[in-house]
Amino acid sequence: MAASTAAAPAPCYDAPEGVDVRGRYDREFASILTRDALAFVAGLQREFRGAVRYAMEQRREAQRRYDAGELPRFDPATRLVRDGDWTCAPVPPAVADRTVEITGPAEPRKMVINALNSGAKVFMADFEDALSPTWENLMHGQVNLRDAVAGTISFHDAARGREYKLNDRTAKLFVRPRGWHLPEAHILIDGEPAIGCLVDFGLYFFHNHAAFHAGQGAGFGPFFYLPKMEHSREARIWNGVFQRAEKAVGIEPGSIRATVLVETLPAVFQMNEILHELREHSAGLNCGRWDYIFSYVKTFRAHPDRLLPDRALVGMAQHFMSSYSHLLIHTCHRRGVHAMGGMAAQIPIKDDAAANEAALELVRKDKLREVRAGHDGTWAAHPGLIPAIREVFEGHLGGRQNQIGDAAGHEGASVREEDLIQPPRGARTVDGLRLNVRVGVQYLAAWLAGSGSVPLYNLMEDAATAEISRVQNWQWLRHGAALDAGGVEVRATPELLARVVEEEMARVEAEVGHERFRKGRYAEAGRIFSRQCTTPELDDFLTLDAYNLIVAHHPAITAIEIRTDDHQT
């Protein structure tokens with residue numbers, strides 16, 4: 001009998017019933033996607049998907065009210081929580097000192113090692129805005145973090161002939177999963193895409209919880225950052241996830257600790273309520289200021305009296321931004337947890353010493369403002385910033401690990417609803433429109449190509465930058481904003497945007513080079529960005545709209561069409 005010439009079936013993951021893994025098979029990935037790990041993730045999805053669907057519908061309902069003219073406010077129904085005399089669980093000694101934290105994607109591997117060795121107190125490894133969520137990135141990220149927790153992570157850079165490995169002392173590891181709204185199209189659970197953050201959290205927790213626990217009791221981790229929340233009901237879901245996870249593996253309640261990023265305008269009115277829901281698992285709040293600006297525009301998208309000026313003018317000196325920071329500090333310290341400051345996005349300017357020193361001086365001033373206001377720590381995007389930031393914070397703290405028990409932050413006690421929504425002041429210009437296009441297109445091109453952390457014009461940018469650029473352009477066009485064009489007033493119109501996009505695409509091609517532009521995804525990014533800026537209804541997230549393009553451009557992966565109107569997201 002002749003031997004069969006039929007191709008052997010492709011290897012597949014050992015998935016439990018009801019779980020279908022559509023991502024490319026890789027033996028290294030299979031060590032993460034074990035049957036038990038996938039069953040753990042599936043259990044989380046099945047228990048909490050109904051609550052997530054309801055929370056996402058409540059987001060949409062709140063936005064409908066804002067579009068109709070309602071303003072965000074403190075909820076009268078939870079006044080007793082805001083006025084109550086309660087505190088969160090004590091700060092774990094392992095993470096009492098968080099004076100400077102570095103952030104970056106969970107992949108590439110070398111970047112993870114460098115961040116852990118950077119001298120920062122904490123490294124936040126990101127599966128969210130700093131990571132393009134391709135299957136390869138997500139799975140390599142899980143492998144990287146598993147090896148980092150085990151202390152075995154290394155990387156050989158053949159081009160440089162250099163070996164990377166961990167130092168004796170490394171930063172504490174926090175992990176940021178994706179937001180509730182993002183799906184994971186490469187894993188189906190009961191026929192529907194998994195909830196992305198439950199995949200990120202579930203796989204990481206399942207494989208690494210034991211290394212943190214190691215008989216040390218509550219508060220020793222794992223540690224997380226939680227993004228994009230808008231209401232305390234979303235924090236309640238996370239608390240339920242943490243409780244289920246701790247019970248499932250038999251570790252002490254309160255072992256998991258998480259810092260919530262306050263990066264949406266609705267969430268600033270819910271900070272006490274969010275901490276109360278997570279009080280057994282809380283590690284404080286963080287000022288996610290770039291996404292907060294994005295959320296301000298999105299929340300007030302139908303309000304022509306609340307147009308932002310050029311985004312370069314929307315800093316912490318704006319009243320609504322400083323009020324947000326002061327209230328966050330006051331709230332956190334009243335509840336006994338860390339109040340973390342915002343991102344310093346600057347990166348070293350290697351070929352211009354004077355410009356580099358000027359950039360560092362801006363970082364120092366920003367961090368001095370934060371520590372004087374009462375922040376307990378802050379973020380940096382690059383290891384080169386850490387010595388300057390540590391000098392500022394440690395110099396002010398004088399040997400203390402944080403400012404939780406100090407009087408700092410009392411300015412937040414006087415912050416009122418109107419302070420948090422005061423329209424920002426400043427000019428709106430055609431140059432601002434141009435910068436939004438140039439930065440938004442370049443970031444999106446990199447994201448589509450698999451990179452979510454992108455150096456642009458001496459700043460390390462993530463998805464928040466593209467989101468601000470997109471929604472500001474949309475808002476200006478929607479309301480026909482008056483823009484300064486070198487002393488001449490023009491109106492923001494689709495025709496003006498089309499001309500600006502054409503001119504800025506030519507400028508980008510000149511900056512990056514013709515060959516790189518031709519081989520990259522710049523033209524595609526330009527089309528998507530233009531469509532997003534002119535669509536009749538503002539999409540909630542650029543990355544959600546573009547997600548299927550990432551899936552479709554990996555031939556071994558089946559694209560799952562995501563409908564945001566009826567999906568759990």
# chains A, B, ... in the order shown; residues from 1 in each chain; ligands from 1
$ select_by_dssp --residues "range 375-557 of chain A" --states "alpha helix (DSSP H)" --output "number ranges by chain"
A: 386-397, 417-420, 430-448, 463-478, 494-512, 514-519, 522-534, 542-552
$ select_by_dssp --residues "range 330-428 of chain A" --states "strand (DSSP E)" --output "ChimeraX atom specification"
/A:339-344,377-380
$ write_last_selection --atoms "C-alpha atoms" --output "tab-separated table (two decimals), in the first residue's frame"
chain	number	residue	atom	x	y	z
A	339	ALA	CA	-1.28	58.45	45.21
A	340	MET	CA	0.87	57.95	42.12
A	341	GLY	CA	1.82	60.77	39.73
A	342	GLY	CA	1.79	60.85	35.95
A	343	MET	CA	4.06	59.87	33.12
A	344	ALA	CA	7.27	61.62	32.12
A	377	GLY	CA	5.70	58.30	43.41
A	378	THR	CA	5.61	58.83	39.68
A	379	TRP	CA	6.14	57.27	36.26
A	380	ALA	CA	8.98	57.39	33.75
$ residues_around --residues "range 35-47 of chain A" --least-positions-apart "6" --cutoff "12 Å" --atoms "only C-alpha atoms" --output "PyMOL selection string"
chain A and resi 12-21+29+53+180+183-184+187-208+237-238+240-249+568
$ atom_distance --atom1 "CA of Ala148 in chain A" --atom2 "CA of Val112 in chain A"
8.1 Å
$ residues_around --residues "Ala106 in chain A" --least-positions-apart "6" --cutoff "12 Å" --atoms "only C-alpha atoms" --output "ChimeraX atom specification"
/A:112-116,123-133,136-148,173-177,200,204,451-453
$ residues_around --residues "Asp376 in chain A" --least-positions-apart "5" --cutoff "9 Å" --atoms "only C-alpha atoms" --output "ChimeraX atom specification"
/A:97-100,329,338-341,370-371,393,397,401-404
$ residues_around --residues "Ser154 in chain A" --least-positions-apart "3" --cutoff "9 Å" --atoms "only C-alpha atoms" --output "JSON, numbers by chain"
{"A": [109, 110, 113, 147, 148, 151, 163, 164, 165, 166]}
$ closest_residue --among "A:Gln442, A:Thr103, A:Ser530, A:Thr299" --to "Tyr66 in chain A" --atoms "only C-alpha atoms"
A:Thr299
$ closest_residue --among "A:Gly179, A:Pro92, A:Gly288, A:Gly398" --to "Ser255 in chain A" --atoms "only C-alpha atoms"
A:Pro92
$ decode --residues "range 285-297 of chain A" --atoms "all heavy atoms" --output "mmCIF file, in the first residue's frame"
data_model
loop_
_atom_site.group_PDB
_atom_site.id
_atom_site.type_symbol
_atom_site.label_atom_id
_atom_site.label_comp_id
_atom_site.auth_asym_id
_atom_site.auth_seq_id
_atom_site.Cartn_x
_atom_site.Cartn_y
_atom_site.Cartn_z
ATOM 1 N N LEU A 285 -4.176 54.716 43.721
ATOM 2 C CA LEU A 285 -4.637 55.264 42.448
ATOM 3 C C LEU A 285 -3.480 55.963 41.749
ATOM 4 O O LEU A 285 -2.530 56.399 42.398
ATOM 5 C CB LEU A 285 -5.775 56.268 42.666
ATOM 6 C CG LEU A 285 -7.006 55.788 43.426
ATOM 7 C CD1 LEU A 285 -7.962 56.949 43.661
ATOM 8 C CD2 LEU A 285 -7.708 54.652 42.696
ATOM 9 N N ASN A 286 -3.596 56.096 40.437
ATOM 10 C CA ASN A 286 -2.562 56.730 39.623
ATOM 11 C C ASN A 286 -3.200 57.754 38.701
ATOM 12 O O ASN A 286 -4.284 57.527 38.154
ATOM 13 C CB ASN A 286 -1.824 55.663 38.795
ATOM 14 C CG ASN A 286 -0.872 56.249 37.771
ATOM 15 O OD1 ASN A 286 -1.301 56.735 36.725
ATOM 16 N ND2 ASN A 286 0.412 56.188 38.043
ATOM 17 N N CYS A 287 -2.537 58.889 38.520
ATOM 18 C CA CYS A 287 -2.996 59.913 37.575
ATOM 19 C C CYS A 287 -2.583 59.533 36.155
ATOM 20 O O CYS A 287 -1.466 59.843 35.723
ATOM 21 C CB CYS A 287 -2.397 61.281 37.925
ATOM 22 S SG CYS A 287 -3.206 62.113 39.291
ATOM 23 N N GLY A 288 -3.459 58.866 35.443
ATOM 24 C CA GLY A 288 -3.193 58.539 34.040
ATOM 25 C C GLY A 288 -3.575 59.711 33.163
ATOM 26 O O GLY A 288 -4.594 59.707 32.472
ATOM 27 N N ARG A 289 -2.735 60.732 33.161
ATOM 28 C CA ARG A 289 -3.165 62.048 32.699
ATOM 29 C C ARG A 289 -3.378 62.153 31.194
ATOM 30 O O ARG A 289 -4.223 62.940 30.749
ATOM 31 C CB ARG A 289 -2.196 63.129 33.173
ATOM 32 C CG ARG A 289 -0.743 62.942 32.782
ATOM 33 C CD ARG A 289 0.119 63.889 33.609
ATOM 34 N NE ARG A 289 1.521 63.876 33.196
ATOM 35 C CZ ARG A 289 2.478 64.520 33.864
ATOM 36 N NH1 ARG A 289 2.186 65.218 34.944
ATOM 37 N NH2 ARG A 289 3.727 64.478 33.440
ATOM 38 N N TRP A 290 -2.649 61.404 30.378
ATOM 39 C CA TRP A 290 -2.845 61.524 28.934
ATOM 40 C C TRP A 290 -4.183 60.922 28.522
ATOM 41 O O TRP A 290 -4.938 61.517 27.743
ATOM 42 C CB TRP A 290 -1.684 60.881 28.174
ATOM 43 C CG TRP A 290 -0.352 61.403 28.617
ATOM 44 C CD1 TRP A 290 0.722 60.671 29.040
ATOM 45 C CD2 TRP A 290 0.065 62.784 28.710
ATOM 46 N NE1 TRP A 290 1.767 61.497 29.395
ATOM 47 C CE2 TRP A 290 1.396 62.791 29.200
ATOM 48 C CE3 TRP A 290 -0.555 63.998 28.444
ATOM 49 C CZ2 TRP A 290 2.099 63.971 29.412
ATOM 50 C CZ3 TRP A 290 0.150 65.181 28.667
ATOM 51 C CH2 TRP A 290 1.461 65.156 29.136
ATOM 52 N N ASP A 291 -4.496 59.743 29.035
ATOM 53 C CA ASP A 291 -5.808 59.164 28.744
ATOM 54 C C ASP A 291 -6.925 59.992 29.369
ATOM 55 O O ASP A 291 -8.045 60.021 28.850
ATOM 56 C CB ASP A 291 -5.879 57.724 29.258
ATOM 57 C CG ASP A 291 -5.428 56.716 28.215
ATOM 58 O OD1 ASP A 291 -6.033 56.694 27.134
ATOM 59 O OD2 ASP A 291 -4.476 55.965 28.469
ATOM 60 N N TYR A 292 -6.627 60.666 30.476
ATOM 61 C CA TYR A 292 -7.624 61.520 31.123
ATOM 62 C C TYR A 292 -8.025 62.673 30.197
ATOM 63 O O TYR A 292 -9.207 63.027 30.097
ATOM 64 C CB TYR A 292 -7.055 62.058 32.430
ATOM 65 C CG TYR A 292 -8.059 62.754 33.316
ATOM 66 C CD1 TYR A 292 -8.989 62.027 34.058
ATOM 67 C CD2 TYR A 292 -8.071 64.142 33.433
ATOM 68 C CE1 TYR A 292 -9.905 62.658 34.886
ATOM 69 C CE2 TYR A 292 -8.981 64.785 34.253
ATOM 70 C CZ TYR A 292 -9.894 64.045 34.983
ATOM 71 O OH TYR A 292 -10.802 64.670 35.795
ATOM 72 N N ILE A 293 -7.047 63.250 29.507
ATOM 73 C CA ILE A 293 -7.342 64.304 28.529
ATOM 74 C C ILE A 293 -8.199 63.740 27.396
ATOM 75 O O ILE A 293 -9.182 64.364 26.960
ATOM 76 C CB ILE A 293 -6.042 64.915 27.990
ATOM 77 C CG1 ILE A 293 -5.244 65.571 29.134
ATOM 78 C CG2 ILE A 293 -6.329 65.921 26.884
ATOM 79 C CD1 ILE A 293 -3.822 65.935 28.754
ATOM 80 N N PHE A 294 -7.831 62.583 26.897
ATOM 81 C CA PHE A 294 -8.618 61.890 25.866
ATOM 82 C C PHE A 294 -10.060 61.701 26.343
ATOM 83 O O PHE A 294 -11.027 61.985 25.618
ATOM 84 C CB PHE A 294 -7.937 60.557 25.550
ATOM 85 C CG PHE A 294 -8.798 59.484 24.945
ATOM 86 C CD1 PHE A 294 -9.653 59.744 23.893
ATOM 87 C CD2 PHE A 294 -8.726 58.180 25.429
ATOM 88 C CE1 PHE A 294 -10.434 58.734 23.335
ATOM 89 C CE2 PHE A 294 -9.488 57.175 24.879
ATOM 90 C CZ PHE A 294 -10.354 57.447 23.839
ATOM 91 N N SER A 295 -10.232 61.272 27.590
ATOM 92 C CA SER A 295 -11.559 61.025 28.122
ATOM 93 C C SER A 295 -12.355 62.313 28.284
ATOM 94 O O SER A 295 -13.578 62.322 28.090
ATOM 95 C CB SER A 295 -11.457 60.301 29.470
ATOM 96 O OG SER A 295 -12.735 60.105 30.039
ATOM 97 N N TYR A 296 -11.683 63.408 28.635
ATOM 98 C CA TYR A 296 -12.373 64.693 28.765
ATOM 99 C C TYR A 296 -13.028 65.067 27.425
ATOM 100 O O TYR A 296 -14.187 65.466 27.379
ATOM 101 C CB TYR A 296 -11.387 65.773 29.201
ATOM 102 C CG TYR A 296 -12.012 67.122 29.489
ATOM 103 C CD1 TYR A 296 -12.348 67.483 30.789
ATOM 104 C CD2 TYR A 296 -12.262 68.039 28.479
ATOM 105 C CE1 TYR A 296 -12.924 68.722 31.065
ATOM 106 C CE2 TYR A 296 -12.837 69.275 28.732
ATOM 107 C CZ TYR A 296 -13.164 69.613 30.031
ATOM 108 O OH TYR A 296 -13.743 70.838 30.291
ATOM 109 N N VAL A 297 -12.267 64.912 26.350
ATOM 110 C CA VAL A 297 -12.819 65.231 25.023
ATOM 111 C C VAL A 297 -13.959 64.278 24.684
ATOM 112 O O VAL A 297 -15.027 64.704 24.223
ATOM 113 C CB VAL A 297 -11.730 65.154 23.942
ATOM 114 C CG1 VAL A 297 -12.320 65.466 22.567
ATOM 115 C CG2 VAL A 297 -10.598 66.112 24.247
#
